[in-house]
>>> print(open('query-v3.cif').read())   # mmCIF, C-alpha atoms
data_start
#
loop_
_atom_site.label_atom_id
_atom_site.label_comp_id
_atom_site.auth_asym_id
_atom_site.auth_seq_id
_atom_site.Cartn_x
_atom_site.Cartn_y
_atom_site.Cartn_z
CA MET B 1 26.12 -17.63 -34.31
CA VAL B 2 28.03 -14.47 -35.14
CA LEU B 3 31.75 -13.97 -35.65
CA SER B 4 33.04 -11.38 -33.19
CA ALA B 5 35.81 -8.95 -34.04
CA ASN B 6 38.10 -11.20 -32.04
CA ASP B 7 37.02 -14.28 -34.01
CA LYS B 8 37.69 -12.50 -37.30
CA SER B 9 41.12 -11.44 -36.20
CA ASN B 10 41.91 -14.97 -34.94
CA VAL B 11 40.82 -16.49 -38.25
CA LYS B 12 42.90 -14.05 -40.28
CA SER B 13 45.87 -14.79 -38.07
CA ILE B 14 45.72 -18.56 -38.50
CA PHE B 15 45.05 -18.27 -42.22
CA SER B 16 48.11 -16.07 -42.67
CA LYS B 17 50.10 -19.09 -41.45
CA ILE B 18 48.35 -21.70 -43.57
CA SER B 19 47.73 -19.89 -46.87
CA SER B 20 51.06 -20.83 -48.38
CA HIS B 21 50.25 -24.52 -47.82
CA ALA B 22 46.68 -24.23 -48.98
CA GLU B 23 46.80 -26.84 -51.74
CA GLU B 24 48.61 -29.36 -49.60
CA TYR B 25 46.26 -28.87 -46.67
CA GLY B 26 43.18 -28.99 -48.88
CA ALA B 27 44.22 -32.33 -50.35
CA GLU B 28 45.12 -33.72 -46.94
CA THR B 29 41.78 -32.59 -45.53
CA LEU B 30 39.92 -34.44 -48.26
CA GLU B 31 42.05 -37.57 -47.90
CA ARG B 32 41.39 -37.64 -44.17
CA MET B 33 37.68 -37.07 -44.72
CA PHE B 34 37.43 -39.95 -47.22
CA THR B 35 39.38 -42.27 -44.89
CA THR B 36 37.61 -41.31 -41.68
CA TYR B 37 34.10 -40.88 -43.08
CA PRO B 38 33.82 -43.27 -46.03
CA GLN B 39 30.24 -42.18 -46.71
CA THR B 40 31.66 -38.86 -48.01
CA LYS B 41 33.14 -40.77 -50.94
CA THR B 42 29.63 -41.16 -52.33
CA TYR B 43 29.87 -37.62 -53.66
CA PHE B 44 32.94 -38.50 -55.72
CA PRO B 45 32.16 -41.68 -57.67
CA HIS B 46 33.91 -40.10 -60.66
CA PHE B 47 37.19 -39.52 -58.79
CA ASP B 48 40.25 -41.65 -58.26
CA LEU B 49 40.42 -41.51 -54.47
CA HIS B 50 43.71 -43.32 -53.95
CA HIS B 51 46.44 -41.63 -51.93
CA GLY B 52 48.20 -39.08 -54.13
CA SER B 53 45.34 -38.80 -56.61
CA ALA B 54 45.71 -35.81 -58.92
CA GLN B 55 41.94 -35.28 -58.82
CA VAL B 56 41.94 -35.11 -55.02
CA LYS B 57 44.88 -32.68 -55.13
CA ALA B 58 43.06 -30.45 -57.61
CA HIS B 59 39.85 -30.57 -55.64
CA GLY B 60 41.66 -29.94 -52.37
CA LYS B 61 43.15 -26.82 -53.95
CA LYS B 62 39.64 -25.59 -54.83
CA VAL B 63 38.31 -26.25 -51.35
CA ALA B 64 41.27 -24.50 -49.72
CA ALA B 65 40.95 -21.53 -52.08
CA ALA B 66 37.30 -21.13 -51.11
CA LEU B 67 38.15 -21.16 -47.40
CA ILE B 68 40.86 -18.56 -48.00
CA GLU B 69 38.43 -16.42 -49.99
CA ALA B 70 35.95 -16.61 -47.12
CA ALA B 71 38.65 -15.69 -44.61
CA ASN B 72 39.73 -12.76 -46.77
CA HIS B 73 36.15 -11.52 -46.94
CA ILE B 74 35.20 -12.48 -43.45
CA ASP B 75 32.85 -9.52 -43.06
CA ASP B 76 30.72 -10.87 -45.87
CA ILE B 77 31.19 -14.62 -46.23
CA ALA B 78 27.76 -14.95 -47.83
CA GLY B 79 28.72 -12.47 -50.52
CA ALA B 80 32.14 -14.01 -51.11
CA LEU B 81 30.73 -17.54 -51.43
CA SER B 82 27.44 -16.68 -53.12
CA LYS B 83 28.22 -18.53 -56.36
CA LEU B 84 29.49 -21.56 -54.44
CA SER B 85 26.35 -21.45 -52.36
CA ASP B 86 24.23 -21.54 -55.54
CA LEU B 87 26.32 -24.44 -56.87
CA HIS B 88 25.87 -26.50 -53.72
CA ALA B 89 22.13 -25.83 -53.60
CA GLN B 90 21.32 -26.44 -57.23
CA LYS B 91 23.84 -28.92 -58.47
CA LEU B 92 25.97 -30.57 -55.80
CA ARG B 93 23.38 -30.88 -53.01
CA VAL B 94 25.88 -32.23 -50.51
CA ASP B 95 23.98 -33.13 -47.36
CA PRO B 96 24.58 -30.44 -44.71
CA VAL B 97 25.99 -32.92 -42.21
CA ASN B 98 29.08 -33.36 -44.39
CA PHE B 99 30.31 -29.80 -43.91
CA LYS B 100 30.92 -30.60 -40.24
CA LEU B 101 32.91 -33.67 -41.23
CA LEU B 102 35.06 -31.65 -43.63
CA GLY B 103 35.49 -29.00 -40.94
CA GLN B 104 36.68 -31.58 -38.40
CA CYS B 105 39.27 -32.93 -40.85
CA PHE B 106 40.47 -29.42 -41.74
CA MET B 107 40.89 -28.68 -38.04
CA VAL B 108 42.92 -31.91 -37.64
CA VAL B 109 45.20 -30.85 -40.50
CA VAL B 110 45.77 -27.43 -38.92
CA ALA B 111 46.43 -29.10 -35.54
CA ILE B 112 48.98 -31.44 -37.10
CA HIS B 113 50.93 -28.78 -38.99
CA HIS B 114 50.54 -25.83 -36.62
CA PRO B 115 49.97 -27.27 -33.14
CA SER B 116 51.28 -24.27 -31.24
CA ALA B 117 49.32 -21.80 -33.36
CA LEU B 118 46.06 -23.64 -32.67
CA THR B 119 45.54 -22.24 -29.19
CA PRO B 120 42.14 -22.88 -27.59
CA GLU B 121 41.04 -19.35 -28.56
CA ILE B 122 42.08 -19.78 -32.20
CA HIS B 123 40.51 -23.26 -32.22
CA ALA B 124 37.21 -21.78 -31.03
CA SER B 125 37.23 -19.00 -33.65
CA LEU B 126 38.25 -21.33 -36.46
CA ASP B 127 35.51 -23.77 -35.48
CA LYS B 128 32.95 -20.94 -35.60
CA PHE B 129 34.31 -19.79 -38.96
CA LEU B 130 34.05 -23.28 -40.47
CA CYS B 131 30.46 -23.53 -39.17
CA ALA B 132 29.68 -20.16 -40.74
CA VAL B 133 31.09 -21.32 -44.09
CA GLY B 134 29.00 -24.50 -43.91
CA ASN B 135 25.91 -22.45 -43.10
CA VAL B 136 26.50 -20.16 -46.09
CA LEU B 137 27.04 -23.08 -48.46
CA THR B 138 23.77 -24.71 -47.38
CA SER B 139 21.78 -21.49 -46.96
CA LYS B 140 19.95 -21.75 -50.29
CA TYR B 141 19.11 -25.45 -50.02
CA ARG B 142 15.44 -24.76 -49.29
CA MET C 1 29.14 -55.53 -31.34
CA VAL C 2 31.93 -53.47 -32.87
CA HIS C 3 34.64 -55.25 -34.80
CA TRP C 4 38.23 -54.09 -34.45
CA SER C 5 40.86 -55.19 -36.94
CA ALA C 6 44.35 -56.06 -35.76
CA GLU C 7 45.61 -52.85 -37.33
CA GLU C 8 43.01 -50.75 -35.49
CA LYS C 9 43.87 -52.36 -32.16
CA GLN C 10 47.53 -51.68 -32.78
CA LEU C 11 46.89 -48.03 -33.69
CA ILE C 12 44.79 -47.53 -30.58
CA ALA C 13 47.31 -49.17 -28.24
CA SER C 14 50.30 -47.41 -29.73
CA VAL C 15 48.75 -43.93 -29.50
CA TRP C 16 47.38 -44.55 -26.02
CA SER C 17 50.75 -45.74 -24.70
CA LYS C 18 52.16 -42.30 -25.50
CA VAL C 19 49.30 -40.22 -24.11
CA ASN C 20 49.83 -38.24 -20.90
CA VAL C 21 46.36 -38.81 -19.50
CA GLU C 22 46.46 -35.90 -17.07
CA GLU C 23 47.70 -33.31 -19.59
CA CYS C 24 45.65 -34.55 -22.50
CA GLY C 25 42.49 -34.91 -20.41
CA ALA C 26 42.85 -31.43 -18.95
CA GLU C 27 43.44 -29.94 -22.39
CA ALA C 28 40.54 -31.77 -24.01
CA LEU C 29 38.06 -30.71 -21.34
CA ALA C 30 39.31 -27.12 -21.33
CA ARG C 31 38.98 -26.91 -25.11
CA LEU C 32 35.47 -28.38 -24.94
CA LEU C 33 34.44 -25.64 -22.51
CA ILE C 34 36.13 -22.94 -24.61
CA VAL C 35 35.16 -24.03 -28.13
CA TYR C 36 31.60 -25.03 -27.20
CA PRO C 37 30.84 -22.71 -24.28
CA TRP C 38 27.33 -24.04 -23.79
CA THR C 39 28.95 -27.19 -22.37
CA GLN C 40 29.83 -25.09 -19.30
CA ARG C 41 26.23 -25.62 -18.22
CA PHE C 42 27.27 -28.87 -16.56
CA PHE C 43 30.04 -27.31 -14.54
CA ALA C 44 28.43 -24.49 -12.55
CA SER C 45 30.24 -25.73 -9.44
CA PHE C 46 33.66 -25.43 -11.03
CA GLY C 47 34.16 -21.77 -10.17
CA ASN C 48 35.79 -19.38 -12.61
CA LEU C 49 35.10 -20.31 -16.24
CA SER C 50 34.88 -16.70 -17.39
CA SER C 51 37.67 -16.75 -19.98
CA PRO C 52 39.87 -19.24 -21.85
CA THR C 53 42.73 -18.37 -19.47
CA ALA C 54 40.50 -18.97 -16.44
CA ILE C 55 39.28 -22.28 -17.86
CA ILE C 56 42.76 -23.54 -18.71
CA GLY C 57 44.07 -22.61 -15.26
CA ASN C 58 41.06 -23.92 -13.37
CA PRO C 59 42.20 -26.81 -11.11
CA LYS C 60 38.72 -28.42 -11.13
CA VAL C 61 38.77 -28.48 -14.93
CA ARG C 62 42.19 -30.13 -14.90
CA ALA C 63 41.15 -32.70 -12.31
CA HIS C 64 37.93 -33.53 -14.08
CA GLY C 65 39.67 -33.74 -17.44
CA LYS C 66 42.08 -36.27 -15.97
CA LYS C 67 39.16 -38.26 -14.54
CA VAL C 68 37.33 -38.31 -17.88
CA LEU C 69 40.37 -39.42 -19.87
CA THR C 70 41.31 -42.03 -17.27
CA SER C 71 37.87 -43.49 -17.78
CA PHE C 72 38.50 -43.43 -21.53
CA GLY C 73 41.44 -45.71 -20.78
CA GLU C 74 38.91 -48.33 -19.74
CA ALA C 75 37.59 -48.31 -23.30
CA VAL C 76 41.09 -48.92 -24.65
CA LYS C 77 41.42 -51.95 -22.35
CA ASN C 78 37.93 -53.29 -23.13
CA LEU C 79 37.43 -52.72 -26.84
CA GLU C 80 35.37 -55.91 -27.20
CA ASN C 81 33.00 -55.00 -24.43
CA LEU C 82 32.33 -51.27 -24.39
CA LYS C 83 28.61 -51.35 -23.62
CA ALA C 84 29.18 -53.38 -20.46
CA THR C 85 32.22 -51.30 -19.51
CA TYR C 86 30.21 -48.07 -19.64
CA ALA C 87 26.80 -49.36 -18.46
CA LYS C 88 26.99 -47.75 -15.02
CA LEU C 89 28.53 -44.52 -16.31
CA SER C 90 25.81 -44.35 -18.94
CA GLU C 91 23.10 -44.61 -16.30
CA LEU C 92 24.87 -41.98 -14.22
CA HIS C 93 25.10 -39.52 -17.13
CA CYS C 94 21.42 -40.02 -17.88
CA GLU C 95 19.77 -40.23 -14.48
CA LYS C 96 21.96 -38.07 -12.33
CA LEU C 97 24.05 -35.79 -14.56
CA HIS C 98 21.42 -35.27 -17.31
CA VAL C 99 24.02 -34.85 -20.02
CA ASP C 100 22.81 -34.77 -23.64
CA PRO C 101 24.79 -37.51 -25.45
CA GLU C 102 25.66 -35.01 -28.18
CA ASN C 103 28.22 -33.71 -25.68
CA PHE C 104 30.08 -37.04 -25.82
CA ARG C 105 30.45 -36.58 -29.57
CA LEU C 106 31.69 -33.01 -29.11
CA LEU C 107 34.28 -34.12 -26.55
CA GLY C 108 35.35 -37.00 -28.78
CA ASN C 109 36.03 -34.62 -31.68
CA ILE C 110 37.97 -32.29 -29.41
CA LEU C 111 40.07 -35.23 -28.18
CA ILE C 112 40.96 -36.01 -31.80
CA ILE C 113 42.20 -32.43 -32.29
CA VAL C 114 44.30 -32.64 -29.12
CA LEU C 115 45.82 -35.94 -30.27
CA ALA C 116 46.50 -34.49 -33.73
CA ALA C 117 48.32 -31.50 -32.22
CA HIS C 118 50.36 -33.82 -30.03
CA PHE C 119 51.26 -36.53 -32.53
CA ASN C 120 51.56 -34.40 -35.69
CA LYS C 121 52.37 -36.44 -38.80
CA ASP C 122 52.27 -39.69 -36.79
CA PHE C 123 48.53 -39.10 -36.55
CA THR C 124 48.06 -40.51 -40.04
CA PRO C 125 44.70 -40.57 -41.83
CA THR C 126 44.26 -44.25 -40.84
CA CYS C 127 45.14 -43.40 -37.25
CA GLN C 128 42.60 -40.57 -37.25
CA ALA C 129 39.95 -42.83 -38.77
CA THR C 130 40.56 -45.48 -36.08
CA TRP C 131 40.38 -42.97 -33.27
CA GLN C 132 37.28 -41.26 -34.67
CA LYS C 133 35.70 -44.71 -34.73
CA LEU C 134 36.77 -45.29 -31.12
CA VAL C 135 35.43 -41.98 -29.80
CA GLY C 136 32.23 -42.65 -31.72
CA VAL C 137 31.68 -46.07 -30.14
CA VAL C 138 32.56 -44.75 -26.68
CA ALA C 139 29.97 -41.99 -27.16
CA HIS C 140 27.46 -44.62 -28.29
CA ALA C 141 28.20 -46.84 -25.27
CA LEU C 142 27.80 -43.89 -22.91
CA ALA C 143 24.44 -43.10 -24.47
CA TYR C 144 23.29 -46.70 -24.56
CA LYS C 145 21.53 -46.82 -21.20
CA TYR C 146 19.67 -43.57 -21.69
CA HIS C 147 15.95 -43.79 -21.26
#
>>> encode(input="query-v3.cif", output="C-alpha coordinates")
Amino acid sequence: MVLSANDKSNVKSIFSKISSHAEEYGAETLERMFTTYPQTKTYFPHFDLHHGSAQVKAHGKKVAAALIEAANHIDDIAGALSKLSDLHAQKLRVDPVNFKLLGQCFMVVVAIHHPSALTPEIHASLDKFLCAVGNVLTSKYR
Amino acid sequence: MVHWSAEEKQLIASVWSKVNVEECGAEALARLLIVYPWTQRFFASFGNLSSPTAIIGNPKVRAHGKKVLTSFGEAVKNLENLKATYAKLSELHCEKLHVDPENFRLLGNILIIVLAAHFNKDFTPTCQATWQKLVGVVAHALAYKYH
(Lines of atoms letter the chains of each structure in order from A and count residues from 1; the text may use other names and numbers.)
(Lines give C-alpha, C1' and ligand atoms only; values in the text may rest on other atoms or scores of the structure.)
Protein backbone atom coordinates (compact mmCIF):
# COMPACT_ATOMS: atom_id res chain seq x y z
CA MET A 1 0.00 0.00 0.00
CA VAL A 2 1.57 3.21 -1.25
CA LEU A 3 0.49 6.79 -0.68
CA SER A 4 -0.14 8.49 -4.02
CA ALA A 5 0.61 12.15 -4.64
CA ASN A 6 -3.11 12.75 -4.24
CA ASP A 7 -3.18 10.92 -0.90
CA LYS A 8 -0.28 12.99 0.39
CA SER A 9 -1.93 16.21 -0.63
CA ASN A 10 -5.25 15.11 0.95
CA VAL A 11 -3.51 14.24 4.21
CA LYS A 12 -1.67 17.56 4.35
CA SER A 13 -4.92 19.35 3.67
CA ILE A 14 -6.85 17.70 6.50
CA PHE A 15 -3.94 18.06 8.90
CA SER A 16 -3.73 21.79 8.20
CA LYS A 17 -7.26 21.96 9.63
CA ILE A 18 -6.65 19.79 12.67
CA SER A 19 -3.12 20.75 13.75
CA SER A 20 -4.23 23.60 15.97
CA HIS A 21 -6.46 21.19 17.92
CA ALA A 22 -3.89 18.44 18.06
CA GLU A 23 -3.72 18.05 21.84
CA GLU A 24 -7.47 18.07 22.24
CA TYR A 25 -8.00 15.57 19.44
CA GLY A 26 -5.21 13.32 20.68
CA ALA A 27 -6.75 13.12 24.14
CA GLU A 28 -10.23 12.56 22.74
CA THR A 29 -8.93 9.80 20.47
CA LEU A 30 -7.41 7.99 23.42
CA GLU A 31 -10.51 8.43 25.57
CA ARG A 32 -12.68 7.00 22.82
CA MET A 33 -10.27 4.12 22.30
CA PHE A 34 -10.26 3.21 26.02
CA THR A 35 -14.08 3.41 26.17
CA THR A 36 -14.78 1.56 22.93
CA TYR A 37 -11.99 -1.02 23.15
CA PRO A 38 -11.38 -1.62 26.86
CA GLN A 39 -8.63 -4.15 26.10
CA THR A 40 -6.44 -1.20 25.02
CA LYS A 41 -6.36 -0.06 28.64
CA THR A 42 -4.08 -3.00 29.41
CA TYR A 43 -1.19 -0.98 28.02
CA PHE A 44 -1.78 1.79 30.56
CA PRO A 45 -2.08 0.18 34.00
CA HIS A 46 0.01 3.05 35.36
CA PHE A 47 -2.36 5.76 34.09
CA ASP A 48 -5.40 7.41 35.57
CA LEU A 49 -7.86 6.78 32.76
CA HIS A 50 -10.81 8.77 34.07
CA HIS A 51 -12.35 11.44 31.87
CA GLY A 52 -10.20 14.56 32.01
CA SER A 53 -7.09 12.72 33.19
CA ALA A 54 -3.95 14.84 32.92
CA GLN A 55 -1.97 11.75 31.95
CA VAL A 56 -4.33 10.97 29.07
CA LYS A 57 -4.15 14.61 27.94
CA ALA A 58 -0.36 14.52 27.98
CA HIS A 59 -0.24 11.22 26.17
CA GLY A 60 -2.81 12.35 23.63
CA LYS A 61 -0.59 15.34 22.90
CA LYS A 62 2.34 13.00 22.20
CA VAL A 63 0.29 10.77 19.93
CA ALA A 64 -1.08 13.75 17.99
CA ALA A 65 2.40 15.26 17.66
CA ALA A 66 3.68 12.03 16.16
CA LEU A 67 0.86 11.93 13.61
CA ILE A 68 1.57 15.55 12.69
CA GLU A 69 5.28 14.79 12.34
CA ALA A 70 4.43 11.89 10.03
CA ALA A 71 2.11 14.09 7.97
CA ASN A 72 4.80 16.77 7.73
CA HIS A 73 7.31 14.20 6.50
CA ILE A 74 4.88 12.19 4.48
CA ASP A 75 7.50 11.31 1.86
CA ASP A 76 9.50 9.49 4.50
CA ILE A 77 7.25 8.37 7.36
CA ALA A 78 9.67 5.58 8.24
CA GLY A 79 12.47 8.08 8.67
CA ALA A 80 10.36 10.55 10.62
CA LEU A 81 9.09 7.88 13.03
CA SER A 82 12.22 5.74 13.19
CA LYS A 83 12.85 6.35 16.90
CA LEU A 84 9.19 5.73 17.73
CA SER A 85 9.34 2.57 15.69
CA ASP A 86 12.33 1.38 17.76
CA LEU A 87 10.49 2.26 20.97
CA HIS A 88 7.40 0.29 20.01
CA ALA A 89 9.45 -2.72 18.93
CA GLN A 90 11.82 -2.89 21.86
CA LYS A 91 9.97 -1.47 24.78
CA LEU A 92 6.26 -0.90 24.27
CA ARG A 93 5.45 -3.92 22.08
CA VAL A 94 1.85 -2.86 21.54
CA ASP A 95 0.13 -5.62 19.57
CA PRO A 96 -0.24 -4.53 15.93
CA VAL A 97 -4.03 -4.90 15.99
CA ASN A 98 -4.29 -1.91 18.32
CA PHE A 99 -3.02 0.59 15.75
CA LYS A 100 -6.17 -0.03 13.71
CA LEU A 101 -8.30 0.61 16.80
CA LEU A 102 -6.50 3.90 17.49
CA GLY A 103 -6.86 4.81 13.81
CA GLN A 104 -10.62 4.18 13.88
CA CYS A 105 -11.02 6.42 16.93
CA PHE A 106 -8.88 9.17 15.40
CA MET A 107 -11.03 9.03 12.27
CA VAL A 108 -14.18 9.34 14.45
CA VAL A 109 -12.72 12.43 16.15
CA VAL A 110 -11.95 14.05 12.77
CA ALA A 111 -15.46 13.15 11.55
CA ILE A 112 -17.03 14.73 14.62
CA HIS A 113 -15.09 18.00 14.49
CA HIS A 114 -14.67 18.40 10.72
CA PRO A 115 -17.54 16.50 9.08
CA SER A 116 -17.57 18.51 5.88
CA ALA A 117 -13.80 18.32 5.47
CA LEU A 118 -13.87 14.53 5.74
CA THR A 119 -15.05 13.90 2.19
CA PRO A 120 -14.92 10.29 0.97
CA GLU A 121 -11.64 11.05 -0.86
CA ILE A 122 -10.01 12.59 2.22
CA HIS A 123 -11.38 9.73 4.34
CA ALA A 124 -9.74 7.21 2.01
CA SER A 125 -6.37 9.00 2.04
CA LEU A 126 -6.41 9.52 5.80
CA ASP A 127 -7.26 5.86 6.33
CA LYS A 128 -4.30 4.85 4.14
CA PHE A 129 -2.04 7.28 6.01
CA LEU A 130 -3.04 5.89 9.41
CA CYS A 131 -2.39 2.35 8.12
CA ALA A 132 1.03 3.46 6.87
CA VAL A 133 1.86 4.95 10.29
CA GLY A 134 0.78 1.71 12.00
CA ASN A 135 2.91 -0.30 9.59
CA VAL A 136 5.97 1.86 10.30
CA LEU A 137 5.50 1.61 14.06
CA THR A 138 5.32 -2.19 13.90
CA SER A 139 7.90 -2.64 11.14
CA LYS A 140 10.76 -3.63 13.47
CA TYR A 141 8.73 -6.00 15.63
CA ARG A 142 10.36 -9.09 14.12
CA MET B 1 -26.20 -14.24 23.78
CA VAL B 2 -25.24 -10.57 23.90
CA HIS B 3 -26.31 -8.53 26.89
CA TRP B 4 -27.49 -4.97 26.37
CA SER B 5 -27.74 -2.58 29.30
CA ALA B 6 -30.64 -0.16 29.54
CA GLU B 7 -28.26 2.67 28.70
CA GLU B 8 -26.99 0.88 25.58
CA LYS B 9 -30.52 0.20 24.37
CA GLN B 10 -31.39 3.84 24.88
CA LEU B 11 -28.31 5.05 23.00
CA ILE B 12 -29.06 2.72 20.11
CA ALA B 13 -32.73 3.71 19.88
CA SER B 14 -32.07 7.42 20.20
CA VAL B 15 -29.42 7.50 17.48
CA TRP B 16 -31.42 5.26 15.17
CA SER B 17 -34.55 7.41 15.50
CA LYS B 18 -32.60 10.29 13.97
CA VAL B 19 -30.94 8.37 11.14
CA ASN B 20 -32.08 8.97 7.57
CA VAL B 21 -31.74 5.37 6.42
CA GLU B 22 -31.61 6.17 2.71
CA GLU B 23 -28.98 8.92 2.99
CA CYS B 24 -26.89 7.24 5.63
CA GLY B 25 -27.01 3.86 3.91
CA ALA B 26 -26.02 5.34 0.56
CA GLU B 27 -23.16 7.25 2.13
CA ALA B 28 -21.88 4.29 4.12
CA LEU B 29 -21.84 1.98 1.11
CA ALA B 30 -20.25 4.61 -1.14
CA ARG B 31 -17.50 5.25 1.42
CA LEU B 32 -16.90 1.51 1.78
CA LEU B 33 -16.34 1.24 -1.98
CA ILE B 34 -14.12 4.34 -2.02
CA VAL B 35 -12.05 3.81 1.13
CA TYR B 36 -11.62 0.05 0.61
CA PRO B 37 -11.77 -0.27 -3.19
CA TRP B 38 -11.28 -4.02 -3.15
CA THR B 39 -14.85 -4.27 -1.83
CA GLN B 40 -15.98 -3.28 -5.34
CA ARG B 41 -15.35 -6.90 -6.29
CA PHE B 42 -18.88 -7.75 -5.16
CA PHE B 43 -20.52 -5.10 -7.28
CA ALA B 44 -19.38 -5.74 -10.84
CA SER B 45 -22.98 -5.38 -12.01
CA PHE B 46 -23.34 -1.90 -10.56
CA GLY B 47 -21.92 -0.09 -13.58
CA ASN B 48 -19.64 2.90 -13.18
CA LEU B 49 -17.52 2.71 -10.02
CA SER B 50 -14.49 4.31 -11.64
CA SER B 51 -14.12 7.31 -9.32
CA PRO B 52 -15.41 8.59 -5.98
CA THR B 53 -17.75 10.93 -7.87
CA ALA B 54 -19.06 8.06 -9.99
CA ILE B 55 -19.57 5.88 -6.91
CA ILE B 56 -21.38 8.59 -4.94
CA GLY B 57 -23.67 9.36 -7.88
CA ASN B 58 -24.31 5.74 -8.81
CA PRO B 59 -28.04 5.00 -8.34
CA LYS B 60 -27.40 1.28 -7.74
CA VAL B 61 -24.99 2.14 -4.93
CA ARG B 62 -27.58 4.42 -3.35
CA ALA B 63 -30.34 1.83 -3.66
CA HIS B 64 -28.21 -0.95 -2.27
CA GLY B 65 -26.94 1.23 0.56
CA LYS B 66 -30.54 1.93 1.53
CA LYS B 67 -31.33 -1.80 1.42
CA VAL B 68 -28.34 -2.68 3.61
CA LEU B 69 -29.11 -0.05 6.23
CA THR B 70 -32.81 -0.92 6.24
CA SER B 71 -31.78 -4.45 7.10
CA PHE B 72 -29.59 -3.04 9.87
CA GLY B 73 -32.81 -1.60 11.28
CA GLU B 74 -33.90 -5.17 11.93
CA ALA B 75 -30.96 -5.53 14.30
CA VAL B 76 -32.06 -2.42 16.20
CA LYS B 77 -35.54 -3.94 16.61
CA ASN B 78 -34.24 -7.40 17.58
CA LEU B 79 -31.24 -6.78 19.82
CA GLU B 80 -31.99 -9.86 21.93
CA ASN B 81 -32.15 -12.17 18.96
CA LEU B 82 -29.62 -11.17 16.33
CA LYS B 83 -28.46 -14.63 15.28
CA ALA B 84 -32.00 -15.70 14.44
CA THR B 85 -32.76 -12.36 12.79
CA TYR B 86 -29.80 -12.71 10.42
CA ALA B 87 -29.78 -16.51 9.93
CA LYS B 88 -31.14 -16.42 6.39
CA LEU B 89 -29.06 -13.40 5.37
CA SER B 90 -25.99 -15.12 6.77
CA GLU B 91 -26.62 -18.19 4.63
CA LEU B 92 -27.20 -15.98 1.62
CA HIS B 93 -23.93 -14.08 2.10
CA CYS B 94 -22.06 -17.35 2.46
CA GLU B 95 -23.64 -19.64 -0.11
CA LYS B 96 -24.75 -17.27 -2.81
CA LEU B 97 -22.88 -13.98 -2.42
CA HIS B 98 -19.56 -15.44 -1.16
CA VAL B 99 -18.74 -12.38 0.91
CA ASP B 100 -15.77 -12.61 3.30
CA PRO B 101 -17.16 -11.64 6.74
CA GLU B 102 -14.27 -9.20 7.17
CA ASN B 103 -16.29 -6.96 4.85
CA PHE B 104 -19.07 -6.73 7.46
CA ARG B 105 -16.51 -5.37 9.93
CA LEU B 106 -15.23 -2.86 7.38
CA LEU B 107 -18.77 -1.63 6.64
CA GLY B 108 -19.54 -1.44 10.35
CA ASN B 109 -16.53 0.82 10.95
CA ILE B 110 -17.49 3.02 8.02
CA LEU B 111 -21.03 3.32 9.40
CA ILE B 112 -19.55 4.58 12.69
CA ILE B 113 -17.64 7.30 10.82
CA VAL B 114 -20.80 8.35 8.95
CA LEU B 115 -22.75 8.52 12.23
CA ALA B 116 -19.93 10.51 13.86
CA ALA B 117 -19.94 13.04 11.02
CA HIS B 118 -23.71 13.35 11.30
CA PHE B 119 -24.13 13.54 15.06
CA ASN B 120 -20.92 15.41 15.96
CA LYS B 121 -20.50 15.94 19.71
CA ASP B 122 -23.73 14.02 20.42
CA PHE B 123 -21.81 10.94 19.31
CA THR B 124 -20.18 10.70 22.72
CA PRO B 125 -17.50 8.12 23.57
CA THR B 126 -20.15 5.94 25.26
CA CYS B 127 -22.38 6.28 22.22
CA GLN B 128 -19.51 5.27 19.94
CA ALA B 129 -18.67 2.31 22.18
CA THR B 130 -22.30 1.12 22.11
CA TRP B 131 -22.53 1.42 18.35
CA GLN B 132 -19.16 -0.26 17.77
CA LYS B 133 -20.48 -3.11 19.91
CA LEU B 134 -23.67 -3.22 17.83
CA VAL B 135 -21.91 -3.27 14.45
CA GLY B 136 -19.60 -5.93 15.83
CA VAL B 137 -22.45 -8.23 16.91
CA VAL B 138 -24.30 -7.66 13.63
CA ALA B 139 -21.13 -8.65 11.75
CA HIS B 140 -20.83 -11.72 13.98
CA ALA B 141 -24.48 -12.69 13.39
CA LEU B 142 -24.04 -12.30 9.63
CA ALA B 143 -21.01 -14.56 9.74
CA TYR B 144 -22.60 -17.09 12.07
CA LYS B 145 -24.05 -19.43 9.45
CA TYR B 146 -20.91 -19.55 7.35
CA HIS B 147 -19.61 -23.01 6.65
>>> closest_residue(input="query-v3.cif", among="B:Leu84, B:Ala22, B:Ala27, B:Ala58", to="B:Asn135", atoms="all atoms listed in the file")
B:Leu84
>>> closest_atom_pairs(input="query-v3.cif", of="chain C", to="chain B", cutoff="8 Å", atoms="only C-alpha atoms", output="Markdown table")
| residue | atom | partner | partner_atom | distance |
| --- | --- | --- | --- | --- |
| C:Arg31 | CA | B:Pro120 | CA | 5.7 |
| C:Ile34 | CA | B:Ala124 | CA | 6.6 |
| C:Val35 | CA | B:Ala124 | CA | 4.2 |
| C:Tyr36 | CA | B:Ala124 | CA | 7.5 |
| C:Pro52 | CA | B:Glu121 | CA | 6.8 |
| C:Asn109 | CA | B:Gln104 | CA | 7.4 |
| C:Ile112 | CA | B:Val108 | CA | 7.4 |
| C:Ile113 | CA | B:Val108 | CA | 5.4 |
| C:Val114 | CA | B:Ala111 | CA | 7.6 |
| C:Ala116 | CA | B:Ile112 | CA | 5.2 |
| C:Ala117 | CA | B:Ala111 | CA | 4.5 |
| C:His118 | CA | B:Pro115 | CA | 7.3 |
| C:Phe119 | CA | B:Ile112 | CA | 7.2 |
| C:Asn120 | CA | B:Ile112 | CA | 4.2 |
| C:Lys121 | CA | B:Ile112 | CA | 6.3 |
| C:Phe123 | CA | B:Ile112 | CA | 7.7 |
| C:Pro125 | CA | B:Arg32 | CA | 5.0 |
| C:Thr126 | CA | B:Thr35 | CA | 6.6 |
| C:Gln128 | CA | B:Thr36 | CA | 6.7 |
| C:Ala129 | CA | B:Thr36 | CA | 4.0 |
| C:Thr130 | CA | B:Thr36 | CA | 7.6 |
| C:Gln132 | CA | B:Thr36 | CA | 7.0 |
| C:Lys133 | CA | B:Thr36 | CA | 8.0 |
>>> residues_around(input="query-v3.cif", residues="C:Pro59", least_positions_apart="5", cutoff="10 Å", atoms="all atoms listed in the file", output="list in words")
Ala26, Phe46, Gly47, Asn48, Ala54, His64 and Gly65 of chain C
>>> atom_distance(input="query-v3.cif", atom1="atom CA of B:Glu23", atom2="atom CA of B:Gln90")
26.1 Å
>>> residues_around(input="query-v3.cif", residues="B:Leu137", least_positions_apart="4", cutoff="7 Å", atoms="only C-alpha atoms", output="ChimeraX atom specification")
/B:84-85,88,133
>>> residues_near_point(input="query-v3.cif", point="(35.7, -48.5, -22.0)", cutoff="12 Å", atoms="only C-alpha atoms", output="PyMOL selection string")
chain C and resi 68-90+134-142
>>> atom_distance(input="query-v3.cif", atom1="atom CA of C:Leu29", atom2="atom CA of C:Ser5")
29.2 Å
>>> atom_distance(input="query-v3.cif", atom1="atom CA of C:Leu115", atom2="atom CA of C:Ala63")
18.8 Å
>>> axis_aligned_box(input="query-v3.cif", around="stretch 12-28 of chain B", padding_each_side="5 Å", output="JSON")
{"center_x": 47.0, "center_y": -23.9, "center_z": -44.9, "size_x": 18.2, "size_y": 29.7, "size_z": 23.7}
